[in-house]
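Chemist: Got a structure for you, input_31.txt, holding compact mmCIF, C-alpha atoms.
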# COMPACT_ATOMS: atom_id res chain seq x y z
CA MET A 1430 22.07 21.49 12.54
CA ALA A 1431 22.13 17.72 11.95
CA LYS A 1432 23.41 17.09 15.49
CA ALA A 1433 20.22 18.58 16.96
CA ILE A 1434 18.17 15.52 16.01
CA PRO A 1435 18.60 11.89 17.09
CA ASN A 1436 20.91 9.72 15.02
CA LEU A 1437 19.55 7.16 12.57
CA ARG A 1438 19.41 4.30 15.09
CA GLN A 1439 17.75 6.49 17.73
CA GLN A 1440 15.17 7.72 15.24
CA LEU A 1441 14.18 4.17 14.34
CA GLU A 1442 14.01 3.25 18.02
CA GLN A 1443 11.59 6.09 18.68
CA LEU A 1444 9.47 5.37 15.60
CA VAL A 1445 9.16 1.67 16.45
CA ALA A 1446 8.32 2.53 20.07
CA CYS A 1447 5.40 4.70 18.95
CA PRO A 1448 2.41 2.40 18.17
CA SER A 1449 0.69 3.13 14.85
CA VAL A 1450 -1.27 -0.02 14.13
CA SER A 1451 -3.81 0.31 11.33
CA ALA A 1452 -6.57 -2.28 11.55
CA THR A 1453 -10.14 -2.79 10.42
CA ASP A 1454 -10.91 -3.85 14.00
CA PRO A 1455 -11.23 -0.59 16.00
CA ARG A 1456 -10.04 -2.39 19.12
CA LEU A 1457 -6.62 -2.82 17.50
CA ASP A 1458 -6.38 0.46 15.60
CA THR A 1459 -4.17 3.09 17.28
CA GLY A 1460 -3.71 5.85 14.71
CA ASN A 1461 -0.40 7.32 13.54
CA ARG A 1462 -0.44 10.85 14.93
CA GLY A 1463 2.50 10.28 17.28
CA VAL A 1464 4.72 9.02 14.45
CA VAL A 1465 4.12 11.96 12.11
CA GLU A 1466 4.62 14.41 14.98
CA LEU A 1467 8.03 12.85 15.69
CA LEU A 1468 9.01 13.03 12.03
CA GLY A 1469 7.74 16.57 11.73
CA ALA A 1470 9.82 17.77 14.68
CA TRP A 1471 13.01 16.27 13.27
CA LEU A 1472 12.40 17.64 9.80
CA GLU A 1473 11.62 21.13 11.08
CA THR A 1474 15.04 21.06 12.75
CA LEU A 1475 16.54 20.35 9.32
CA GLY A 1476 14.78 23.36 7.82
CA PHE A 1477 11.70 21.70 6.33
CA ALA A 1478 8.32 23.41 6.36
CA VAL A 1479 6.03 20.81 7.92
CA GLU A 1480 2.28 20.46 7.53
CA LEU A 1481 0.08 17.85 9.18
CA MET A 1482 -3.15 16.93 7.38
CA PRO A 1483 -5.57 15.07 9.70
CA LEU A 1484 -7.83 12.58 7.98
CA GLU A 1485 -11.45 13.67 7.83
CA GLY A 1486 -13.28 12.55 10.96
CA GLN A 1487 -10.13 10.87 12.34
CA PRO A 1488 -7.99 13.45 14.14
CA HIS A 1489 -5.74 10.68 15.52
CA LYS A 1490 -4.62 9.94 11.97
CA ALA A 1491 -2.75 12.36 9.72
CA ASN A 1492 -0.55 12.71 6.68
CA MET A 1493 2.62 14.79 6.93
CA ILE A 1494 4.02 16.89 4.09
CA ALA A 1495 7.50 18.27 4.82
CA THR A 1496 9.01 20.51 2.15
CA LEU A 1497 12.57 21.77 1.82
CA SER A 1498 12.74 24.57 -0.76
CA SER A 1499 15.64 26.65 -2.00
CA GLN A 1500 15.97 29.92 -0.10
CA ASN A 1501 17.61 31.46 -3.15
CA SER A 1502 15.14 30.44 -5.84
CA GLY A 1503 12.03 29.96 -3.71
CA SER A 1504 11.38 26.80 -5.72
CA SER A 1505 7.95 25.43 -4.91
CA GLY A 1506 6.48 24.35 -8.24
CA ASP A 1507 5.93 20.94 -9.78
CA GLY A 1508 9.62 20.00 -9.94
CA GLY A 1509 11.68 18.17 -7.39
CA LEU A 1510 11.42 14.86 -5.59
CA ILE A 1511 9.08 13.22 -3.08
CA LEU A 1512 10.39 10.56 -0.68
CA ALA A 1513 7.20 8.87 0.48
CA GLY A 1514 6.14 6.19 2.88
CA HIS A 1515 3.34 5.08 5.16
CA THR A 1516 3.68 5.34 8.91
CA ASP A 1517 1.15 2.69 9.96
CA THR A 1518 1.87 -0.97 10.65
CA VAL A 1519 -0.25 -4.09 10.62
CA PRO A 1520 -1.33 -5.72 13.92
CA TYR A 1521 1.14 -8.13 15.49
CA ASP A 1522 1.19 -11.61 17.03
CA ASP A 1523 2.49 -10.70 20.47
CA GLY A 1524 3.19 -14.22 21.67
CA LEU A 1525 5.15 -15.17 18.54
CA TRP A 1526 7.78 -12.42 18.72
CA GLN A 1527 11.15 -13.27 20.30
CA SER A 1528 11.37 -9.68 21.54
CA ASP A 1529 9.08 -6.73 22.27
CA PRO A 1530 7.63 -5.59 18.89
CA PHE A 1531 7.82 -1.97 20.09
CA LYS A 1532 11.43 -2.11 21.29
CA LEU A 1533 14.10 -2.02 18.59
CA GLU A 1534 16.54 -4.86 19.18
CA GLU A 1535 19.75 -5.71 17.30
CA ARG A 1536 20.53 -9.39 16.75
CA ASP A 1537 22.59 -11.09 14.04
CA ASN A 1538 23.24 -7.79 12.20
CA ARG A 1539 19.52 -7.11 12.02
CA LEU A 1540 17.29 -4.49 13.60
CA TYR A 1541 14.12 -6.16 14.86
CA GLY A 1542 10.90 -4.26 15.52
CA LEU A 1543 7.36 -3.77 14.24
CA GLY A 1544 7.57 -1.59 11.14
CA SER A 1545 11.36 -1.81 10.87
CA THR A 1546 11.08 -2.90 7.25
CA ASP A 1547 7.44 -2.09 6.41
CA MET A 1548 8.08 0.72 6.54
CA LYS A 1549 9.12 3.02 9.37
CA GLY A 1550 12.75 2.16 8.65
CA PHE A 1551 12.64 4.16 5.42
CA PHE A 1552 12.25 7.52 7.16
CA PRO A 1553 15.49 7.62 9.21
CA LEU A 1554 17.37 6.61 6.05
CA ALA A 1555 15.72 9.42 4.10
CA ILE A 1556 16.60 11.89 6.87
CA GLU A 1557 20.19 10.65 6.88
CA ALA A 1558 20.39 11.25 3.13
CA VAL A 1559 18.95 14.74 3.56
CA LYS A 1560 21.68 15.71 6.04
CA SER A 1561 24.22 15.64 3.19
CA PHE A 1562 22.40 18.55 1.56
CA ALA A 1563 21.90 20.73 4.64
CA ASP A 1564 24.41 23.34 3.42
CA LYS A 1565 23.47 23.19 -0.26
CA SER A 1566 21.01 25.33 -2.19
CA LEU A 1567 18.26 23.29 -3.86
CA ARG A 1568 17.24 24.01 -7.41
CA GLU A 1569 13.98 22.08 -6.94
CA PRO A 1570 12.07 21.20 -3.73
CA LEU A 1571 12.58 18.04 -1.73
CA ILE A 1572 9.45 16.65 -0.05
CA ILE A 1573 9.29 13.97 2.61
CA LEU A 1574 5.77 12.58 2.76
CA ALA A 1575 4.38 10.33 5.49
CA THR A 1576 0.89 8.85 5.11
CA ALA A 1577 -1.75 7.20 7.28
CA ASP A 1578 -3.78 4.00 6.88
CA GLU A 1579 -1.96 2.40 3.95
CA GLU A 1580 -2.33 -1.03 5.52
CA THR A 1581 -6.13 -0.90 5.53
CA SER A 1582 -8.04 1.69 3.52
CA MET A 1583 -5.39 3.78 1.74
CA ALA A 1584 -7.31 6.70 3.27
CA GLY A 1585 -4.18 8.81 3.59
CA ALA A 1586 -3.23 8.46 -0.07
CA ARG A 1587 -6.84 9.02 -1.16
CA ALA A 1588 -6.95 12.26 0.87
CA LEU A 1589 -3.83 13.49 -0.89
CA VAL A 1590 -5.31 12.79 -4.31
CA LYS A 1591 -8.51 14.59 -3.32
CA ALA A 1592 -6.46 17.61 -2.25
CA GLY A 1593 -4.24 17.44 -5.34
CA ARG A 1594 -1.13 17.43 -3.18
CA PRO A 1595 1.78 17.33 -3.05
CA ARG A 1596 3.04 18.41 -6.44
CA ALA A 1597 6.42 17.26 -7.72
CA ARG A 1598 8.13 15.82 -10.74
CA CYS A 1599 9.14 12.47 -9.21
CA ALA A 1600 8.32 10.27 -6.23
CA VAL A 1601 10.01 7.32 -4.56
CA VAL A 1602 7.80 5.08 -2.41
CA GLY A 1603 10.10 3.38 0.09
CA GLU A 1604 8.26 0.06 0.44
CA PRO A 1605 10.45 -3.03 0.98
CA THR A 1606 11.85 -4.05 -2.42
CA GLY A 1607 15.29 -5.34 -1.45
CA LEU A 1608 17.03 -2.26 -2.91
CA LYS A 1609 15.63 -3.01 -6.36
CA PRO A 1610 13.58 -0.41 -8.26
CA ILE A 1611 10.01 -1.43 -9.04
CA ARG A 1612 8.03 0.21 -11.84
CA MET A 1613 4.97 -2.07 -11.93
CA HIS A 1614 2.64 -3.81 -9.55
CA LYS A 1615 -0.81 -5.36 -9.75
CA GLY A 1616 -3.92 -3.77 -8.33
CA MET A 1617 -6.12 -5.24 -5.64
CA MET A 1618 -9.86 -5.68 -5.29
CA MET A 1619 -11.74 -7.46 -2.50
CA GLU A 1620 -15.36 -8.18 -3.47
CA SER A 1621 -18.47 -9.81 -2.08
CA VAL A 1622 -21.47 -11.47 -3.70
CA ARG A 1623 -24.44 -12.27 -1.45
CA ILE A 1624 -27.30 -14.44 -2.65
CA THR A 1625 -30.59 -14.49 -0.79
CA GLY A 1626 -33.23 -17.13 -1.51
CA GLN A 1627 -35.94 -18.66 0.66
CA SER A 1628 -35.42 -21.21 3.43
CA GLY A 1629 -37.78 -24.15 3.84
CA HIS A 1630 -38.04 -27.86 4.62
CA SER A 1631 -35.52 -29.84 2.62
CA SER A 1632 -38.05 -32.61 1.86
CA ASP A 1633 -39.73 -30.40 -0.77
CA PRO A 1634 -37.52 -28.09 -2.89
CA ALA A 1635 -40.61 -26.19 -4.03
CA LEU A 1636 -41.01 -24.80 -0.50
CA GLY A 1637 -38.02 -22.50 -0.94
CA ALA A 1638 -35.27 -21.19 -3.20
CA ASN A 1639 -31.82 -22.61 -2.51
CA ALA A 1640 -29.20 -19.87 -2.29
CA LEU A 1641 -26.32 -22.35 -2.31
CA GLU A 1642 -27.44 -23.82 -5.62
CA SER A 1643 -27.59 -20.34 -7.10
CA MET A 1644 -24.15 -19.58 -5.69
CA HIS A 1645 -22.90 -22.61 -7.61
CA GLY A 1646 -23.91 -20.80 -10.79
CA ALA A 1647 -22.29 -17.57 -9.63
CA ILE A 1648 -19.00 -19.33 -8.85
CA GLY A 1649 -19.05 -20.99 -12.24
CA GLU A 1650 -19.48 -17.60 -13.88
CA LEU A 1651 -16.60 -16.12 -11.87
CA LEU A 1652 -14.29 -18.93 -12.94
CA LYS A 1653 -15.39 -18.51 -16.54
CA LEU A 1654 -14.74 -14.77 -16.37
CA ARG A 1655 -11.33 -15.42 -14.81
CA GLY A 1656 -10.41 -17.56 -17.79
CA GLU A 1657 -11.59 -14.90 -20.21
CA TRP A 1658 -9.58 -12.20 -18.44
CA GLN A 1659 -6.48 -14.40 -18.48
CA GLU A 1660 -6.90 -14.89 -22.23
CA ARG A 1661 -7.45 -11.17 -22.75
CA TYR A 1662 -4.69 -9.75 -20.53
CA ASN A 1663 -1.07 -10.85 -20.19
CA ASN A 1664 2.03 -9.02 -19.00
CA PRO A 1665 5.28 -11.03 -19.08
CA GLY A 1666 6.90 -8.49 -16.74
CA PHE A 1667 5.17 -10.20 -13.80
CA ALA A 1668 6.04 -13.54 -12.21
CA VAL A 1669 2.33 -14.38 -12.54
CA PRO A 1670 1.70 -12.72 -15.92
CA VAL A 1671 -2.10 -12.85 -15.85
CA PRO A 1672 -4.78 -11.33 -13.61
CA THR A 1673 -5.96 -13.63 -10.84
CA VAL A 1674 -9.30 -14.23 -9.14
CA ASN A 1675 -9.19 -16.03 -5.79
CA LEU A 1676 -12.31 -17.44 -4.14
CA GLY A 1677 -11.38 -16.67 -0.55
CA CYS A 1678 -14.24 -17.64 1.75
CA ILE A 1679 -17.89 -18.66 1.65
CA HIS A 1680 -20.56 -18.78 4.36
CA GLY A 1681 -24.17 -19.86 4.14
CA GLY A 1682 -26.99 -22.00 5.43
CA ASP A 1683 -27.45 -23.35 8.90
CA ASN A 1684 -28.54 -27.02 8.78
CA PRO A 1685 -28.54 -29.97 6.34
CA ASN A 1686 -32.31 -30.43 6.49
CA ARG A 1687 -33.15 -26.81 5.64
CA ILE A 1688 -33.13 -25.21 2.22
CA CYS A 1689 -30.30 -22.68 2.32
CA GLY A 1690 -31.81 -19.20 2.58
CA SER A 1691 -28.70 -17.10 2.07
CA THR A 1692 -24.97 -17.37 1.36
CA GLU A 1693 -22.08 -14.99 0.79
CA LEU A 1694 -18.85 -15.44 -1.16
CA GLN A 1695 -15.85 -13.13 -0.75
CA PHE A 1696 -13.13 -13.09 -3.40
CA ASP A 1697 -10.21 -11.02 -4.53
CA VAL A 1698 -9.02 -9.86 -7.94
CA ARG A 1699 -5.44 -8.85 -8.79
CA PRO A 1700 -5.64 -6.88 -12.05
CA LEU A 1701 -2.73 -5.99 -14.31
CA PRO A 1702 -1.85 -2.44 -15.37
CA GLY A 1703 -4.39 -1.31 -17.93
CA MET A 1704 -7.32 -3.04 -16.21
CA ALA A 1705 -9.37 -0.26 -14.59
CA LEU A 1706 -11.23 -1.24 -11.43
CA GLN A 1707 -14.39 0.59 -12.52
CA ASP A 1708 -14.59 -1.43 -15.74
CA LEU A 1709 -13.90 -4.73 -13.98
CA ARG A 1710 -16.61 -4.10 -11.41
CA ALA A 1711 -19.15 -3.22 -14.07
CA GLU A 1712 -18.39 -6.49 -15.85
CA LEU A 1713 -18.55 -8.49 -12.62
CA GLU A 1714 -21.91 -7.04 -11.67
CA GLN A 1715 -23.42 -7.69 -15.09
CA ARG A 1716 -22.15 -11.27 -15.28
CA LEU A 1717 -23.15 -12.24 -11.76
CA HIS A 1718 -26.70 -10.98 -12.14
CA ALA A 1719 -27.02 -12.69 -15.52
CA ALA A 1720 -25.73 -15.99 -14.12
CA VAL A 1721 -28.34 -16.14 -11.35
CA GLY A 1722 -31.48 -15.48 -13.32
CA ASP A 1723 -34.13 -16.70 -10.91
CA GLY A 1724 -36.95 -14.39 -9.80
CA LYS A 1725 -36.95 -16.02 -6.37
CA ILE A 1726 -33.29 -15.16 -5.82
CA ARG A 1727 -31.77 -11.79 -4.91
CA VAL A 1728 -28.14 -11.09 -5.87
CA GLU A 1729 -26.15 -8.34 -4.17
CA TYR A 1730 -22.64 -7.60 -5.43
CA ALA A 1731 -20.43 -5.01 -3.70
CA PRO A 1732 -16.76 -4.17 -3.09
CA LEU A 1733 -15.47 -4.81 0.42
CA PHE A 1734 -13.25 -1.71 0.08
CA LEU A 1735 -12.53 0.80 -2.65
CA GLY A 1736 -9.59 -1.11 -4.05
CA THR A 1737 -6.21 -0.05 -5.40
CA GLU A 1738 -5.46 0.38 -9.08
CA ALA A 1739 -2.54 -1.40 -10.72
CA PHE A 1740 0.61 0.65 -11.22
CA GLU A 1741 2.99 1.10 -14.13
CA GLN A 1742 5.72 3.67 -14.71
CA ASP A 1743 7.19 3.98 -18.20
CA ALA A 1744 10.43 1.99 -18.45
CA GLY A 1745 12.16 4.84 -20.26
CA SER A 1746 11.40 7.56 -17.73
CA GLU A 1747 14.30 9.53 -16.32
CA LEU A 1748 13.42 8.42 -12.80
CA VAL A 1749 13.50 4.73 -13.69
CA LYS A 1750 16.80 5.11 -15.53
CA ALA A 1751 18.34 7.02 -12.63
CA ALA A 1752 17.21 4.38 -10.10
CA GLU A 1753 18.54 1.56 -12.26
CA LYS A 1754 21.93 3.26 -12.52
CA LEU A 1755 22.17 3.99 -8.81
CA THR A 1756 21.08 0.52 -7.67
CA GLY A 1757 22.65 -1.58 -10.41
CA HIS A 1758 19.34 -3.41 -10.92
CA GLY A 1759 16.86 -3.28 -13.77
CA ALA A 1760 13.42 -2.07 -12.77
CA GLY A 1761 11.00 -4.92 -12.18
CA SER A 1762 7.57 -5.75 -10.80
CA VAL A 1763 6.03 -7.01 -7.56
CA ALA A 1764 2.76 -8.69 -6.69
CA PHE A 1765 1.90 -6.54 -3.66
CA GLY A 1766 0.14 -3.19 -3.79
CA THR A 1767 1.47 0.22 -2.73
CA GLU A 1768 0.51 3.90 -2.75
CA ALA A 1769 2.39 4.40 -6.04
CA PRO A 1770 -0.74 4.53 -8.27
CA TYR A 1771 -2.10 7.42 -6.20
CA PHE A 1772 1.01 9.51 -6.86
CA LYS A 1773 0.93 8.48 -10.51
CA SER A 1774 -2.66 9.72 -10.74
CA LEU A 1775 -1.36 13.16 -9.72
CA GLY A 1776 0.91 13.17 -12.78
CA ILE A 1777 4.05 12.31 -10.79
CA ASP A 1778 6.64 9.88 -12.19
CA THR A 1779 6.89 7.21 -9.51
CA ILE A 1780 8.93 4.18 -8.54
CA VAL A 1781 8.85 1.85 -5.53
CA LEU A 1782 12.26 1.38 -3.93
CA GLY A 1783 13.14 0.53 -0.35
CA PRO A 1784 15.76 -1.25 1.77
CA GLY A 1785 13.70 -4.02 3.36
CA ASP A 1786 12.36 -7.31 2.03
CA ILE A 1787 8.64 -8.00 1.61
CA ASP A 1788 9.02 -11.51 3.02
CA GLN A 1789 9.87 -9.90 6.37
CA ALA A 1790 6.72 -7.78 6.41
CA HIS A 1791 3.47 -8.64 8.23
CA GLN A 1792 5.00 -11.40 10.34
CA PRO A 1793 6.64 -11.92 13.75
CA ASP A 1794 10.27 -10.83 14.19
CA GLU A 1795 10.16 -8.32 11.36
CA TYR A 1796 13.64 -6.91 10.77
CA LEU A 1797 15.79 -4.62 8.63
CA GLY A 1798 19.27 -5.90 7.76
CA LEU A 1799 22.08 -3.55 8.79
CA GLU A 1800 23.82 -4.16 5.47
CA ARG A 1801 20.91 -2.48 3.65
CA ILE A 1802 21.16 0.86 5.44
CA GLU A 1803 24.17 2.59 3.89
CA PRO A 1804 23.46 1.41 0.30
CA MET A 1805 19.91 2.78 0.55
CA VAL A 1806 21.13 6.09 1.96
CA GLU A 1807 23.57 6.37 -0.95
CA VAL A 1808 20.82 5.70 -3.49
CA LEU A 1809 18.64 8.39 -1.91
CA ARG A 1810 21.54 10.83 -1.93
CA GLY A 1811 22.00 10.17 -5.63
CA LEU A 1812 18.32 10.73 -6.38
CA ILE A 1813 18.22 13.95 -4.36
CA ALA A 1814 21.29 15.24 -6.14
CA LYS A 1815 19.84 14.49 -9.56
CA PHE A 1816 16.32 15.80 -9.10
CA CYS A 1817 16.77 18.61 -6.56
CA LEU A 1818 20.24 20.15 -7.07
Using structure tokens, write down the structure that the file contains.

Modeler:
Amino acid sequence: MAKAIPNLRQQLEQLVACPSVSATDPRLDTGNRGVVELLGAWLETLGFAVELMPLEGQPHKANMIATLSSQNSGSSGDGGLILAGHTDTVPYDDGLWQSDPFKLEERDNRLYGLGSTDMKGFFPLAIEAVKSFADKSLREPLIILATADEETSMAGARALVKAGRPRARCAVVGEPTGLKPIRMHKGMMMESVRITGQSGHSSDPALGANALESMHGAIGELLKLRGEWQERYNNPGFAVPVPTVNLGCIHGGDNPNRICGSTELQFDVRPLPGMALQDLRAELEQRLHAAVGDGKIRVEYAPLFLGTEAFEQDAGSELVKAAEKLTGHGAGSVAFGTEAPYFKSLGIDTIVLGPGDIDQAHQPDEYLGLERIEPMVEVLRGLIAKFCL
């Protein structure tokens, strides 16, 4: 059965060769349908029941849920294990790559290609691990899950939560963690505050209402709130143990001799576990409006996207303990966001664990080290054996 599908290297070659760029710019966005169709065909050959779930209004984008259940027990409940990953990649800097981003190339014991580490490379390793169980009867189901649009909107993960699927006891998100289990990461918010005043001749301030001056007050309030949050919340499990607020970019006005009529600030917030996005946004809105209390000024605060909650899995969970034993590393934390909180919201114990390194992601000459492949396959075999056999 296993010989009917391409080998691990060939699978990664085909996945890398299939563009699946996810971008806010529609000129760059390609969708991921080709990738999930490839994965689905291979997994059907291995006996998985495969379902594609197109995203609403975007038929070129889809999630894939592939389930391998026991023929003897018909297991299909809330037990078992999910091996999950996203199939989209970020855009690429074509002129900065030493090789074709869509052609897998081996150099210096590394496999180079767009998505090789973040995170198409996870799927061939998961399939390789599955092959060891082709002739075994599963006690609990094994699910391989491939999502769309993680790199931009998390629309694939949000669609799964809305559908309440899939159901399982445990999930492993194969993001690049250097073969170390991760049980916590910060959330992410990207926000905007726009202040509109009244332009006029700069020789007489009474002729207008200066939006930049009001933005000065708004920025001061944001920095004050940042300090309060950092006093209120602290988690020593993170390299940066406090929530952060970064003032990212500001635009406004058009000429030195005109009163500034409007300006916009965009900023991000990285909350710790336990800091709900809904509560943070309510506090931000209240404080920003209170800080700019001028009847001539209009304040508009809004998220730039829905945001991703922070993630935390209990350190004593059976999944965390199993991953620590199999990898030889204690479970830690990372600063980047993943789809893990979406699975956690479905009541699934979740960890983040993958073969690549995050410092290779989102940059030219992305690669997966050959030395990471077999250890990751062995870890996945161990997790499948524990939670599915």

Chemist: Residues near Gln1715 (chain A), anyone? I mean within 12 Å using only C-alpha atoms, not counting same-chain ones fewer than 2 positions away, as a compact mmCIF listing (two decimals) with C-alpha atoms, keeping the file's coordinate frame.

Modeler:
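In the end it all went to part_9.txt:
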# COMPACT_ATOMS: atom_id res chain seq x y z
CA ALA A 1647 -22.29 -17.57 -9.63
CA GLU A 1650 -19.48 -17.60 -13.88
CA LEU A 1651 -16.60 -16.12 -11.87
CA LEU A 1654 -14.74 -14.77 -16.37
CA ASP A 1708 -14.59 -1.43 -15.74
CA LEU A 1709 -13.90 -4.73 -13.98
CA ARG A 1710 -16.61 -4.10 -11.41
CA ALA A 1711 -19.15 -3.22 -14.07
CA GLU A 1712 -18.39 -6.49 -15.85
CA LEU A 1713 -18.55 -8.49 -12.62
CA LEU A 1717 -23.15 -12.24 -11.76
CA HIS A 1718 -26.70 -10.98 -12.14
CA ALA A 1719 -27.02 -12.69 -15.52
CA ALA A 1720 -25.73 -15.99 -14.12
CA VAL A 1721 -28.34 -16.14 -11.35
CA GLY A 1722 -31.48 -15.48 -13.32
CA VAL A 1728 -28.14 -11.09 -5.87
CA GLU A 1729 -26.15 -8.34 -4.17
CA TYR A 1730 -22.64 -7.60 -5.43

Chemist: The residues within 10 Å of (18.7, -5.5, 11.3), using only C-alpha atoms and the coordinates of the file, should be reported as a PyMOL selection string; which are they?

Modeler: chain A and resi 1533-1542+1545-1546+1785+1795-1802

Chemist: Hey, can you spit out that residue selection with C-alpha atoms as a compact mmCIF listing (two decimals), in the coordinates of the input?

Modeler:
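Written out: again_14.txt:
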# COMPACT_ATOMS: atom_id res chain seq x y z
CA LEU A 1533 14.10 -2.02 18.59
CA GLU A 1534 16.54 -4.86 19.18
CA GLU A 1535 19.75 -5.71 17.30
CA ARG A 1536 20.53 -9.39 16.75
CA ASP A 1537 22.59 -11.09 14.04
CA ASN A 1538 23.24 -7.79 12.20
CA ARG A 1539 19.52 -7.11 12.02
CA LEU A 1540 17.29 -4.49 13.60
CA TYR A 1541 14.12 -6.16 14.86
CA GLY A 1542 10.90 -4.26 15.52
CA SER A 1545 11.36 -1.81 10.87
CA THR A 1546 11.08 -2.90 7.25
CA GLY A 1785 13.70 -4.02 3.36
CA GLU A 1795 10.16 -8.32 11.36
CA TYR A 1796 13.64 -6.91 10.77
CA LEU A 1797 15.79 -4.62 8.63
CA GLY A 1798 19.27 -5.90 7.76
CA LEU A 1799 22.08 -3.55 8.79
CA GLU A 1800 23.82 -4.16 5.47
CA ARG A 1801 20.91 -2.48 3.65
CA ILE A 1802 21.16 0.86 5.44

Chemist: Have a look at A:Ala1668, A:Ala1577, A:Leu1512, A:Val1464 and name the one nearest to Leu1812 (chain A); count all atoms listed in the file.

Modeler: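 Comparing A:Ala1668, A:Ala1577, A:Leu1512, A:Val1464 against Leu1812 (chain A), the winner is A:Leu1512.
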
Chemist: Mind pulling up the distance from CA of Leu1818 (chain A) to CA of Ile1556 (chain A)?

Modeler: 16.6 Å

Chemist: From the options A:Lys1815, A:His1515, A:Arg1699, A:Arg1810, which residue's atoms come nearest to Ala1575 (chain A), counting only C-alpha atoms?

Modeler: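 Looking only at the distances to Ala1575 (chain A), the closest residue turns out to be A:His1515.
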
Chemist: Could you tell me which of A:Ser1566, A:Gln1742, A:Asn1663, A:Ser1774 comes closest to Arg1596 (chain A) if we count only C-alpha atoms?

Modeler: A:Ser1774

Chemist: For Ser1691 (chain A), work out the shell of residues within 9 Å, counting only C-alpha atoms and skipping chain neighbours fewer than 3 positions away, then give it as a PyMOL selection string.

Modeler: chain A and resi 1623-1628+1639-1641+1680-1682

Chemist: I'd like the interatomic distance between CA of Arg1598 (chain A) and CA of Gly1508 (chain A), to a tenth of an Å.

Modeler: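 The value is 4.5 Å.
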
Chemist: Can you pull out every residue within 12 Å of Ser1746 (chain A), counting all atoms listed in the file, but drop anything in the same chain fewer than 2 positions away, and send it as a VMD selection string?

Modeler: chain A and resid 1598 to 1599 1612 1741 to 1744 1748 to 1753 1760 1777 to 1780

Chemist: Considering all atoms listed in the file, can you say which of A:Gly1690, A:Pro1793, A:Gly1761, A:Gly1524 comes closest to Gly1629 (chain A)?

Modeler: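 Smallest distance to Gly1629 (chain A) is found for A:Gly1690.
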
Chemist: Skipping near chain neighbours, those fewer than 5 positions away, what residues fall within 7 Å of region 1579-1593 of chain A using only C-alpha atoms, listed as a list in words?

Modeler: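 The residues satisfying every condition are Ser1451, Ala1452, Thr1453, Leu1484, Asn1492, His1515, Asp1517, Thr1518, Val1519, Glu1768, Tyr1771 and Leu1775 of chain A.
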
Chemist: Write out as a list in words which residues come within 9 Å of Ile1573 (chain A) when counting all atoms listed in the file, dropping same-chain ones fewer than 4 positions away.

Modeler: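 Final neighbour list, sorted by chain and number: Leu1472, Phe1477, Met1493, Ile1494, Ala1495, Thr1496, Leu1497, Leu1510, Ile1511, Leu1512, Ala1513, Gly1514, Phe1552, Ala1555 and Ile1556 of chain A.
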
Chemist: When distances are computed from all atoms listed in the file, which of A:Ile1787, A:Ile1648, A:Val1808, A:Leu1554 shows the smallest separation from Arg1716 (chain A)?

Modeler: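 Smallest separation from Arg1716 (chain A) among the options: A:Ile1648.
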
Chemist: Which residue gives the smallest distance to Gly1550 (chain A) among A:Arg1438, A:Arg1687, A:Lys1565, A:His1791, with all atoms listed in the file counted?

Modeler: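 Checking each of A:Arg1438, A:Arg1687, A:Lys1565, A:His1791 against Gly1550 (chain A), counting all atoms listed in the file, the winner is A:Arg1438.
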
Chemist: Each side padded by 4 Å, which centre and which edge lengths in Å (one decimal) define the axis-aligned box around the listed atoms of region 1699-1717 of chain A? Give them as JSON.

Modeler:
{"center_x": -12.6, "center_y": -5.8, "center_z": -13.4, "size_x": 29.6, "size_y": 20.8, "size_z": 17.1}

Chemist: Kindly give the distance, in Å, that separates CA of Phe1816 (chain A) and CA of Gly1469 (chain A), rounded to a single decimal.

Modeler: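 Computing it gives 22.5 Å between the two atoms.
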
Chemist: Give as a short mmCIF file (atom, residue, chain, number, x, y, z; two decimals) with C-alpha atoms, in the coordinates of the input each residue that has an atom at most 12 Å from (6.0, 12.8, 16.2) in the file, counting all atoms listed in the file.

Modeler:
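Output (point-v7.cif):
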data_model
loop_
_atom_site.label_atom_id
_atom_site.label_comp_id
_atom_site.auth_asym_id
_atom_site.auth_seq_id
_atom_site.Cartn_x
_atom_site.Cartn_y
_atom_site.Cartn_z
CA GLN A 1440 15.17 7.72 15.24
CA GLN A 1443 11.59 6.09 18.68
CA LEU A 1444 9.47 5.37 15.60
CA VAL A 1445 9.16 1.67 16.45
CA ALA A 1446 8.32 2.53 20.07
CA CYS A 1447 5.40 4.70 18.95
CA PRO A 1448 2.41 2.40 18.17
CA SER A 1449 0.69 3.13 14.85
CA ASN A 1461 -0.40 7.32 13.54
CA ARG A 1462 -0.44 10.85 14.93
CA GLY A 1463 2.50 10.28 17.28
CA VAL A 1464 4.72 9.02 14.45
CA VAL A 1465 4.12 11.96 12.11
CA GLU A 1466 4.62 14.41 14.98
CA LEU A 1467 8.03 12.85 15.69
CA LEU A 1468 9.01 13.03 12.03
CA GLY A 1469 7.74 16.57 11.73
CA ALA A 1470 9.82 17.77 14.68
CA TRP A 1471 13.01 16.27 13.27
CA LEU A 1472 12.40 17.64 9.80
CA GLU A 1473 11.62 21.13 11.08
CA VAL A 1479 6.03 20.81 7.92
CA LEU A 1481 0.08 17.85 9.18
CA HIS A 1489 -5.74 10.68 15.52
CA LYS A 1490 -4.62 9.94 11.97
CA ALA A 1491 -2.75 12.36 9.72
CA ASN A 1492 -0.55 12.71 6.68
CA MET A 1493 2.62 14.79 6.93
CA THR A 1516 3.68 5.34 8.91
CA ALA A 1575 4.38 10.33 5.49
#
